[in-house]
file input-v7.txt (compact mmCIF, C-alpha atoms and all ligand atoms)
# COMPACT_ATOMS: atom_id res chain seq x y z
CA MET A 2 0.00 0.00 0.00
CA ARG A 3 1.14 3.58 -0.51
CA LYS A 4 3.02 5.27 2.28
CA ASN A 5 2.15 8.24 4.46
CA MET A 6 4.61 11.05 3.94
CA VAL A 7 5.34 14.48 5.38
CA ALA A 8 7.88 16.56 3.47
CA GLY A 9 9.28 19.82 4.82
CA ASN A 10 10.21 22.38 2.18
CA TRP A 11 12.43 24.90 3.94
CA LYS A 12 12.62 27.10 0.80
CA MET A 13 15.28 29.87 1.03
CA ASN A 14 15.30 30.00 4.83
CA THR A 15 17.77 29.35 7.66
CA THR A 16 21.50 29.83 8.08
CA LEU A 17 23.69 26.80 8.74
CA PRO A 18 23.48 27.02 12.55
CA GLU A 19 19.73 27.55 12.34
CA ALA A 20 19.33 24.60 9.99
CA GLN A 21 21.33 22.33 12.30
CA ALA A 22 19.38 23.47 15.36
CA LEU A 23 16.05 22.98 13.59
CA ILE A 24 16.76 19.46 12.38
CA SER A 25 18.22 18.41 15.73
CA GLU A 26 15.05 19.56 17.49
CA ILE A 27 12.79 17.81 15.00
CA VAL A 28 14.72 14.54 15.18
CA HIS A 29 14.65 14.53 18.98
CA MET A 30 10.97 15.37 19.18
CA VAL A 31 9.99 12.73 16.64
CA GLN A 32 12.13 10.10 18.35
CA ASP A 33 10.83 10.96 21.81
CA GLU A 34 7.18 11.09 20.88
CA THR A 35 6.07 7.83 19.36
CA THR A 36 3.92 8.31 16.31
CA GLY A 37 0.82 6.22 15.79
CA SER A 38 1.23 5.24 12.15
CA GLU A 39 4.29 4.85 10.03
CA VAL A 40 5.29 8.04 8.26
CA GLU A 41 8.14 8.82 5.91
CA VAL A 42 9.60 12.23 6.80
CA VAL A 43 11.44 14.07 4.03
CA VAL A 44 13.49 17.11 4.97
CA CYS A 45 14.35 19.51 2.14
CA PRO A 46 16.82 22.19 3.31
CA PRO A 47 18.60 24.63 0.96
CA PHE A 48 21.43 23.14 -1.17
CA PRO A 49 24.40 24.23 1.03
CA PHE A 50 22.87 22.58 4.08
CA LEU A 51 22.05 19.19 2.56
CA LEU A 52 25.21 17.51 3.75
CA PRO A 53 25.30 18.91 7.32
CA VAL A 54 21.55 18.39 7.80
CA GLY A 55 21.79 14.90 6.30
CA LYS A 56 24.50 14.04 8.83
CA LEU A 57 22.07 14.79 11.66
CA LEU A 58 19.37 12.41 10.35
CA PRO A 59 19.31 9.02 12.07
CA GLU A 60 20.15 6.27 9.59
CA GLY A 61 17.58 3.71 8.57
CA GLY A 62 14.65 5.43 10.28
CA ALA A 63 11.75 7.60 9.23
CA PHE A 64 13.92 10.48 8.02
CA HIS A 65 14.99 11.05 4.43
CA LEU A 66 16.83 13.89 2.75
CA GLY A 67 15.41 15.83 -0.20
CA ALA A 68 16.37 18.81 -2.36
CA GLN A 69 14.14 21.61 -3.61
CA ASN A 70 15.21 21.57 -7.25
CA CYS A 71 17.79 20.19 -9.68
CA HIS A 72 19.08 21.03 -13.14
CA GLN A 73 17.88 19.12 -16.18
CA LYS A 74 21.37 18.31 -17.49
CA ALA A 75 23.71 15.73 -15.96
CA SER A 76 26.75 18.03 -15.82
CA GLY A 77 28.51 20.79 -17.74
CA ALA A 78 28.98 24.53 -18.09
CA PHE A 79 25.88 25.72 -16.23
CA THR A 80 27.29 28.18 -13.71
CA GLY A 81 25.44 28.21 -10.44
CA GLU A 82 23.36 25.11 -11.11
CA VAL A 83 23.17 21.81 -9.23
CA SER A 84 22.73 18.42 -10.91
CA ALA A 85 20.70 15.46 -9.71
CA ALA A 86 23.86 13.33 -9.44
CA MET A 87 25.40 15.93 -7.12
CA LEU A 88 22.33 15.73 -4.91
CA GLN A 89 22.42 11.95 -4.91
CA SER A 90 26.11 12.02 -3.95
CA VAL A 91 25.41 14.06 -0.80
CA GLY A 92 22.72 11.69 0.40
CA CYS A 93 19.56 13.04 -1.20
CA GLU A 94 16.86 10.54 -1.90
CA TYR A 95 14.12 12.92 -3.01
CA VAL A 96 13.86 16.10 -5.06
CA ILE A 97 10.91 18.49 -5.27
CA LEU A 98 10.17 19.41 -8.89
CA GLY A 99 7.60 21.76 -10.36
CA HIS A 100 6.96 23.75 -7.21
CA SER A 101 4.75 26.71 -8.11
CA GLU A 102 7.48 29.13 -7.01
CA ARG A 103 9.85 27.53 -9.54
CA ARG A 104 7.14 27.70 -12.19
CA GLN A 105 6.26 31.32 -11.41
CA TYR A 106 9.58 33.01 -10.53
CA PHE A 107 11.94 30.90 -12.64
CA ARG A 108 9.65 30.31 -15.62
CA GLU A 109 9.85 26.54 -15.35
CA ASP A 110 7.31 25.08 -17.76
CA ASP A 111 6.07 21.53 -18.23
CA GLU A 112 8.56 20.84 -21.02
CA LEU A 113 11.51 21.81 -18.79
CA LEU A 114 10.02 19.94 -15.84
CA SER A 115 9.67 16.79 -17.90
CA GLN A 116 13.45 16.99 -18.57
CA LYS A 117 14.17 17.60 -14.88
CA LEU A 118 12.10 14.56 -13.95
CA LYS A 119 14.12 12.42 -16.35
CA ALA A 120 17.40 13.79 -15.00
CA ALA A 121 16.36 13.17 -11.39
CA LEU A 122 15.27 9.62 -12.10
CA ALA A 123 18.42 8.87 -14.09
CA ALA A 124 20.47 9.87 -11.04
CA GLY A 125 18.40 7.62 -8.78
CA LEU A 126 16.40 10.38 -7.08
CA LYS A 127 12.69 10.08 -6.29
CA PRO A 128 10.80 13.15 -7.54
CA ILE A 129 8.04 14.89 -5.61
CA PHE A 130 6.18 16.44 -8.55
CA CYS A 131 4.00 19.46 -7.71
CA VAL A 132 0.85 20.60 -9.50
CA GLY A 133 -1.72 23.22 -8.56
CA GLU A 134 -3.99 25.96 -9.82
CA THR A 135 -4.16 29.72 -9.24
CA LEU A 136 -7.17 31.34 -7.59
CA GLU A 137 -8.18 32.72 -10.98
CA THR A 138 -8.14 29.27 -12.57
CA ARG A 139 -10.21 27.88 -9.69
CA GLU A 140 -12.76 30.69 -9.91
CA GLN A 141 -13.09 30.15 -13.64
CA GLY A 142 -13.93 26.52 -12.96
CA ASP A 143 -10.84 25.31 -14.82
CA THR A 144 -9.03 23.54 -11.96
CA PHE A 145 -9.36 20.01 -13.31
CA LYS A 146 -8.51 21.02 -16.87
CA HIS A 147 -5.41 22.82 -15.61
CA LEU A 148 -4.23 19.91 -13.46
CA GLU A 149 -4.87 17.44 -16.24
CA LYS A 150 -2.60 19.45 -18.52
CA GLN A 151 0.18 19.77 -15.93
CA LEU A 152 0.11 16.01 -15.36
CA GLN A 153 -0.12 15.21 -19.04
CA ASP A 154 2.68 17.51 -20.18
CA GLY A 155 4.94 17.25 -17.14
CA LEU A 156 4.59 13.71 -15.85
CA PHE A 157 2.91 11.24 -18.14
CA HIS A 158 5.86 10.88 -20.49
CA LEU A 159 7.46 8.67 -17.82
CA SER A 160 7.50 4.90 -18.24
CA ASN A 161 5.72 2.70 -15.67
CA GLU A 162 9.02 1.90 -13.97
CA GLU A 163 9.93 5.57 -13.75
CA PHE A 164 6.49 6.57 -12.54
CA ASP A 165 6.82 4.06 -9.69
CA LYS A 166 9.36 6.37 -8.05
CA VAL A 167 7.17 9.49 -8.17
CA THR A 168 5.20 11.18 -5.39
CA VAL A 169 2.66 13.79 -6.48
CA ALA A 170 1.96 16.95 -4.47
CA TYR A 171 -1.21 18.97 -4.99
CA GLU A 172 -0.51 22.55 -4.00
CA PRO A 173 -3.23 25.07 -4.83
CA ILE A 174 -1.24 28.27 -5.40
CA TRP A 175 -3.88 30.35 -3.61
CA ALA A 176 -3.18 28.36 -0.44
CA ILE A 177 0.63 28.55 -0.40
CA GLY A 178 1.96 30.82 2.33
CA THR A 179 -1.38 32.62 2.51
CA GLY A 180 -2.89 30.98 5.57
CA LYS A 181 -5.79 30.02 3.32
CA THR A 182 -5.97 26.22 3.36
CA ALA A 183 -8.08 24.18 0.99
CA THR A 184 -10.89 22.55 2.96
CA SER A 185 -10.49 18.83 3.44
CA GLU A 186 -13.38 18.33 0.97
CA GLN A 187 -11.65 20.51 -1.67
CA ALA A 188 -8.39 18.63 -1.15
CA GLN A 189 -10.07 15.22 -1.31
CA GLU A 190 -11.97 16.14 -4.47
CA VAL A 191 -8.77 17.13 -6.27
CA HIS A 192 -6.69 14.24 -4.92
CA ALA A 193 -9.32 11.76 -6.09
CA PHE A 194 -9.28 13.45 -9.51
CA ILE A 195 -5.47 13.24 -9.68
CA ARG A 196 -5.55 9.56 -8.74
CA GLU A 197 -8.09 8.95 -11.49
CA GLN A 198 -5.74 10.61 -13.99
CA LEU A 199 -2.83 8.49 -12.77
CA ALA A 200 -4.93 5.35 -13.21
CA ARG A 201 -5.86 6.41 -16.72
CA ALA A 202 -2.25 7.17 -17.70
CA TYR A 203 -0.74 4.09 -16.05
CA ASP A 204 -3.06 1.64 -14.30
CA ALA A 205 -5.22 1.39 -11.20
CA LYS A 206 -2.55 -0.48 -9.25
CA ALA A 207 0.09 2.18 -9.92
CA ALA A 208 -2.39 4.94 -9.04
CA MET A 209 -3.29 3.25 -5.76
CA ALA A 210 0.39 2.85 -4.87
CA THR A 211 1.27 6.51 -5.46
CA SER A 212 1.33 8.90 -2.50
CA ILE A 213 -0.43 12.20 -3.19
CA LEU A 214 0.51 14.97 -0.76
CA TYR A 215 -1.41 18.14 -0.02
CA GLY A 216 0.48 21.43 0.30
CA GLY A 217 -0.63 24.98 1.05
CA SER A 218 -0.91 26.39 4.59
CA CYS A 219 -1.02 22.90 6.05
CA ASN A 220 -0.31 23.24 9.76
CA ALA A 221 -0.50 21.49 13.12
CA GLN A 222 -4.17 22.47 13.47
CA ASN A 223 -5.53 21.31 10.12
CA ALA A 224 -3.21 18.40 9.24
CA ARG A 225 -5.23 15.69 10.99
CA GLU A 226 -8.42 16.60 9.17
CA LEU A 227 -6.65 16.82 5.81
CA PHE A 228 -4.71 13.56 6.27
CA SER A 229 -7.88 11.71 7.26
CA GLN A 230 -9.19 12.07 3.71
CA PRO A 231 -8.95 8.80 1.78
CA ASP A 232 -6.83 10.19 -1.05
CA VAL A 233 -4.62 12.55 0.98
CA ASP A 234 -1.47 10.64 1.89
CA GLY A 235 0.38 13.40 3.69
CA GLY A 236 1.64 16.92 3.22
CA LEU A 237 4.27 19.11 1.63
CA ILE A 238 4.84 21.68 4.31
CA GLY A 239 6.40 25.15 3.91
CA GLY A 240 6.10 27.66 6.76
CA ALA A 241 5.20 25.12 9.45
CA ALA A 242 8.26 23.00 8.53
CA LEU A 243 10.46 25.74 10.01
CA LYS A 244 8.98 25.31 13.48
CA SER A 245 10.06 22.09 15.16
CA ARG A 246 6.97 21.82 17.38
CA ASP A 247 4.55 22.41 14.50
CA PHE A 248 6.36 20.11 12.08
CA THR A 249 6.49 17.30 14.65
CA ASP A 250 2.80 17.70 15.39
CA ILE A 251 2.06 17.46 11.66
CA ILE A 252 4.12 14.25 11.49
CA LYS A 253 2.02 12.90 14.36
CA SER A 254 -1.25 13.76 12.61
CA PHE A 255 -1.88 10.40 10.92
P1 LIG B 301 3.16 26.72 2.97
O1 LIG B 301 4.01 26.25 1.69
O2 LIG B 301 2.98 25.49 3.84
O3 LIG B 301 4.01 27.77 3.64
O4 LIG B 301 1.87 27.24 2.47
C1 LIG B 301 3.82 25.00 1.10
C2 LIG B 301 4.76 24.84 -0.07
O5 LIG B 301 4.99 25.82 -0.79
O6 LIG B 301 5.31 23.74 -0.31
call {"tool": "encode", "arguments": {"input": "input-v7.txt", "output": "structure tokens"}}
result
Amino acid sequence: MRKNMVAGNWKMNTTLPEAQALISEIVHMVQDETTGSEVEVVVCPPFPFLLPVGKLLPEGGAFHLGAQNCHQKASGAFTGEVSAAMLQSVGCEYVILGHSERRQYFREDDELLSQKLKAALAAGLKPIFCVGETLETREQGDTFKHLEKQLQDGLFHLSNEEFDKVTVAYEPIWAIGTGKTATSEQAQEVHAFIREQLARAYDAKAAMATSILYGGSCNAQNARELFSQPDVDGGLIGGAALKSRDFTDIIKSF
């Protein structure tokens, strides 16, 4: 069966000492407070802190290291960029791709993201592929059409074997960092739709085995309600991932 997952996207936050303090607190809290169900915890700090944060994660447990982005090429003259193989070599297991901030501020489109997915998979990373609509798209009633296109153009070029490694994150853009969370009914409706699309593109078994995370102002107060929905398998957490108490409470929300 698919796994429960909570991924913390630290975005461009923390200094090295802050990052080390934050992860140490989270690890201790999670270890001290037994969680009810099994959860995979993915921590995604900024690039320079991957190695030192990774060193503070207990081996073989719930914790896994992830990056927030990677370049689409394997190596070469791309000043300032970071390849998937580099991430893999410092202990990353996951990489977030297609986050709405990458799409919006860095003009990453589905064509580019499809190349990034390939590059990540070729290096042995497991992608967390994000999709989501703007408020305008939602109000126009085009949410499903929009998500269908993002999945079709960004993700569905992958083979069955490649798709096996993918986690999907639904992040309505209007809910990211705004304090405006999708209701659990809104989240469930979209997650069920995404799973239907996955089943259509691959098969029902693959769709049932894929974790679909919700992201967008998910916090310690609303996580339990969101995660109790049948098609919500966890969360991609921004702001609340920077607070050890809140993040631990979210992890304990299954
Ligand atoms: P938020 O961000 O939890 O701060 O809304 C979520 C995300 O962007 O992944």
call {"tool": "residues_near_ligand", "arguments": {"input": "input-v7.txt", "ligand": "ligand LIG 301 (chain B)", "cutoff": "6 Å", "atoms": "only C-alpha atoms and all ligand atoms", "output": "compact mmCIF listing (two decimals) with C-alpha atoms, in the frame of the given file"}}
result
# COMPACT_ATOMS: atom_id res chain seq x y z
CA ASN A 10 10.21 22.38 2.18
CA ALA A 176 -3.18 28.36 -0.44
CA ILE A 177 0.63 28.55 -0.40
CA GLY A 178 1.96 30.82 2.33
CA GLY A 216 0.48 21.43 0.30
CA GLY A 217 -0.63 24.98 1.05
CA SER A 218 -0.91 26.39 4.59
CA CYS A 219 -1.02 22.90 6.05
CA LEU A 237 4.27 19.11 1.63
CA ILE A 238 4.84 21.68 4.31
CA GLY A 239 6.40 25.15 3.91
CA GLY A 240 6.10 27.66 6.76
call {"tool": "atom_distance", "arguments": {"input": "input-v7.txt", "atom1": "CA of Gly9 (chain A)", "atom2": "CA of Val44 (chain A)"}}
result
5.0 Å
call {"tool": "residues_near_point", "arguments": {"input": "input-v7.txt", "point": "(22.0, 13.9, 2.7)", "cutoff": "6 Å", "atoms": "all atoms listed in the file", "output": "ChimeraX atom specification"}}
result
/A:51-52,55,66,91-93
call {"tool": "atom_distance", "arguments": {"input": "input-v7.txt", "atom1": "CA of Asp234 (chain A)", "atom2": "CA of Tyr215 (chain A)"}}
result
7.7 Å
call {"tool": "closest_residue", "arguments": {"input": "input-v7.txt", "among": "A:Pro47, A:Gly133, A:Gly61, A:Pro173", "to": "Val83 (chain A)", "atoms": "all atoms listed in the file"}}
result
A:Pro47
call {"tool": "closest_residue", "arguments": {"input": "input-v7.txt", "among": "A:Val28, A:Met6, A:Leu118, A:Cys131", "to": "Ser245 (chain A)", "atoms": "all atoms listed in the file"}}
result
A:Val28
call {"tool": "decode", "arguments": {"input": "input-v7.txt", "residues": "region 150-209 of chain A", "atoms": "C-alpha atoms", "output": "PDB file, in the first residue's frame"}}
result
ATOM      1  CA  LYS A 150      -2.597  19.453 -18.524  1.00  0.00           C
ATOM      2  CA  GLN A 151       0.177  19.767 -15.927  1.00  0.00           C
ATOM      3  CA  LEU A 152       0.108  16.008 -15.355  1.00  0.00           C
ATOM      4  CA  GLN A 153      -0.120  15.205 -19.039  1.00  0.00           C
ATOM      5  CA  ASP A 154       2.681  17.514 -20.181  1.00  0.00           C
ATOM      6  CA  GLY A 155       4.942  17.246 -17.136  1.00  0.00           C
ATOM      7  CA  LEU A 156       4.593  13.710 -15.847  1.00  0.00           C
ATOM      8  CA  PHE A 157       2.906  11.239 -18.136  1.00  0.00           C
ATOM      9  CA  HIS A 158       5.858  10.876 -20.492  1.00  0.00           C
ATOM     10  CA  LEU A 159       7.455   8.667 -17.822  1.00  0.00           C
ATOM     11  CA  SER A 160       7.502   4.895 -18.235  1.00  0.00           C
ATOM     12  CA  ASN A 161       5.720   2.697 -15.670  1.00  0.00           C
ATOM     13  CA  GLU A 162       9.024   1.896 -13.968  1.00  0.00           C
ATOM     14  CA  GLU A 163       9.928   5.568 -13.753  1.00  0.00           C
ATOM     15  CA  PHE A 164       6.485   6.566 -12.536  1.00  0.00           C
ATOM     16  CA  ASP A 165       6.821   4.056  -9.689  1.00  0.00           C
ATOM     17  CA  LYS A 166       9.363   6.373  -8.051  1.00  0.00           C
ATOM     18  CA  VAL A 167       7.170   9.492  -8.166  1.00  0.00           C
ATOM     19  CA  THR A 168       5.204  11.181  -5.387  1.00  0.00           C
ATOM     20  CA  VAL A 169       2.657  13.788  -6.477  1.00  0.00           C
ATOM     21  CA  ALA A 170       1.960  16.947  -4.469  1.00  0.00           C
ATOM     22  CA  TYR A 171      -1.210  18.969  -4.988  1.00  0.00           C
ATOM     23  CA  GLU A 172      -0.509  22.550  -4.001  1.00  0.00           C
ATOM     24  CA  PRO A 173      -3.231  25.068  -4.827  1.00  0.00           C
ATOM     25  CA  ILE A 174      -1.245  28.267  -5.403  1.00  0.00           C
ATOM     26  CA  TRP A 175      -3.880  30.351  -3.614  1.00  0.00           C
ATOM     27  CA  ALA A 176      -3.178  28.363  -0.436  1.00  0.00           C
ATOM     28  CA  ILE A 177       0.630  28.554  -0.403  1.00  0.00           C
ATOM     29  CA  GLY A 178       1.958  30.815   2.328  1.00  0.00           C
ATOM     30  CA  THR A 179      -1.382  32.621   2.508  1.00  0.00           C
ATOM     31  CA  GLY A 180      -2.891  30.978   5.571  1.00  0.00           C
ATOM     32  CA  LYS A 181      -5.795  30.020   3.316  1.00  0.00           C
ATOM     33  CA  THR A 182      -5.972  26.224   3.359  1.00  0.00           C
ATOM     34  CA  ALA A 183      -8.080  24.179   0.991  1.00  0.00           C
ATOM     35  CA  THR A 184     -10.888  22.553   2.957  1.00  0.00           C
ATOM     36  CA  SER A 185     -10.492  18.830   3.436  1.00  0.00           C
ATOM     37  CA  GLU A 186     -13.376  18.329   0.965  1.00  0.00           C
ATOM     38  CA  GLN A 187     -11.655  20.506  -1.665  1.00  0.00           C
ATOM     39  CA  ALA A 188      -8.392  18.628  -1.154  1.00  0.00           C
ATOM     40  CA  GLN A 189     -10.069  15.220  -1.309  1.00  0.00           C
ATOM     41  CA  GLU A 190     -11.969  16.135  -4.467  1.00  0.00           C
ATOM     42  CA  VAL A 191      -8.775  17.134  -6.274  1.00  0.00           C
ATOM     43  CA  HIS A 192      -6.694  14.245  -4.916  1.00  0.00           C
ATOM     44  CA  ALA A 193      -9.318  11.760  -6.094  1.00  0.00           C
ATOM     45  CA  PHE A 194      -9.279  13.446  -9.511  1.00  0.00           C
ATOM     46  CA  ILE A 195      -5.468  13.244  -9.682  1.00  0.00           C
ATOM     47  CA  ARG A 196      -5.551   9.558  -8.741  1.00  0.00           C
ATOM     48  CA  GLU A 197      -8.088   8.955 -11.491  1.00  0.00           C
ATOM     49  CA  GLN A 198      -5.740  10.612 -13.994  1.00  0.00           C
ATOM     50  CA  LEU A 199      -2.828   8.487 -12.765  1.00  0.00           C
ATOM     51  CA  ALA A 200      -4.935   5.349 -13.214  1.00  0.00           C
ATOM     52  CA  ARG A 201      -5.861   6.406 -16.720  1.00  0.00           C
ATOM     53  CA  ALA A 202      -2.250   7.173 -17.697  1.00  0.00           C
ATOM     54  CA  TYR A 203      -0.737   4.088 -16.047  1.00  0.00           C
ATOM     55  CA  ASP A 204      -3.057   1.637 -14.304  1.00  0.00           C
ATOM     56  CA  ALA A 205      -5.217   1.390 -11.201  1.00  0.00           C
ATOM     57  CA  LYS A 206      -2.550  -0.482  -9.247  1.00  0.00           C
ATOM     58  CA  ALA A 207       0.087   2.180  -9.916  1.00  0.00           C
ATOM     59  CA  ALA A 208      -2.390   4.938  -9.040  1.00  0.00           C
ATOM     60  CA  MET A 209      -3.291   3.252  -5.757  1.00  0.00           C
TER      61      MET A 209
END
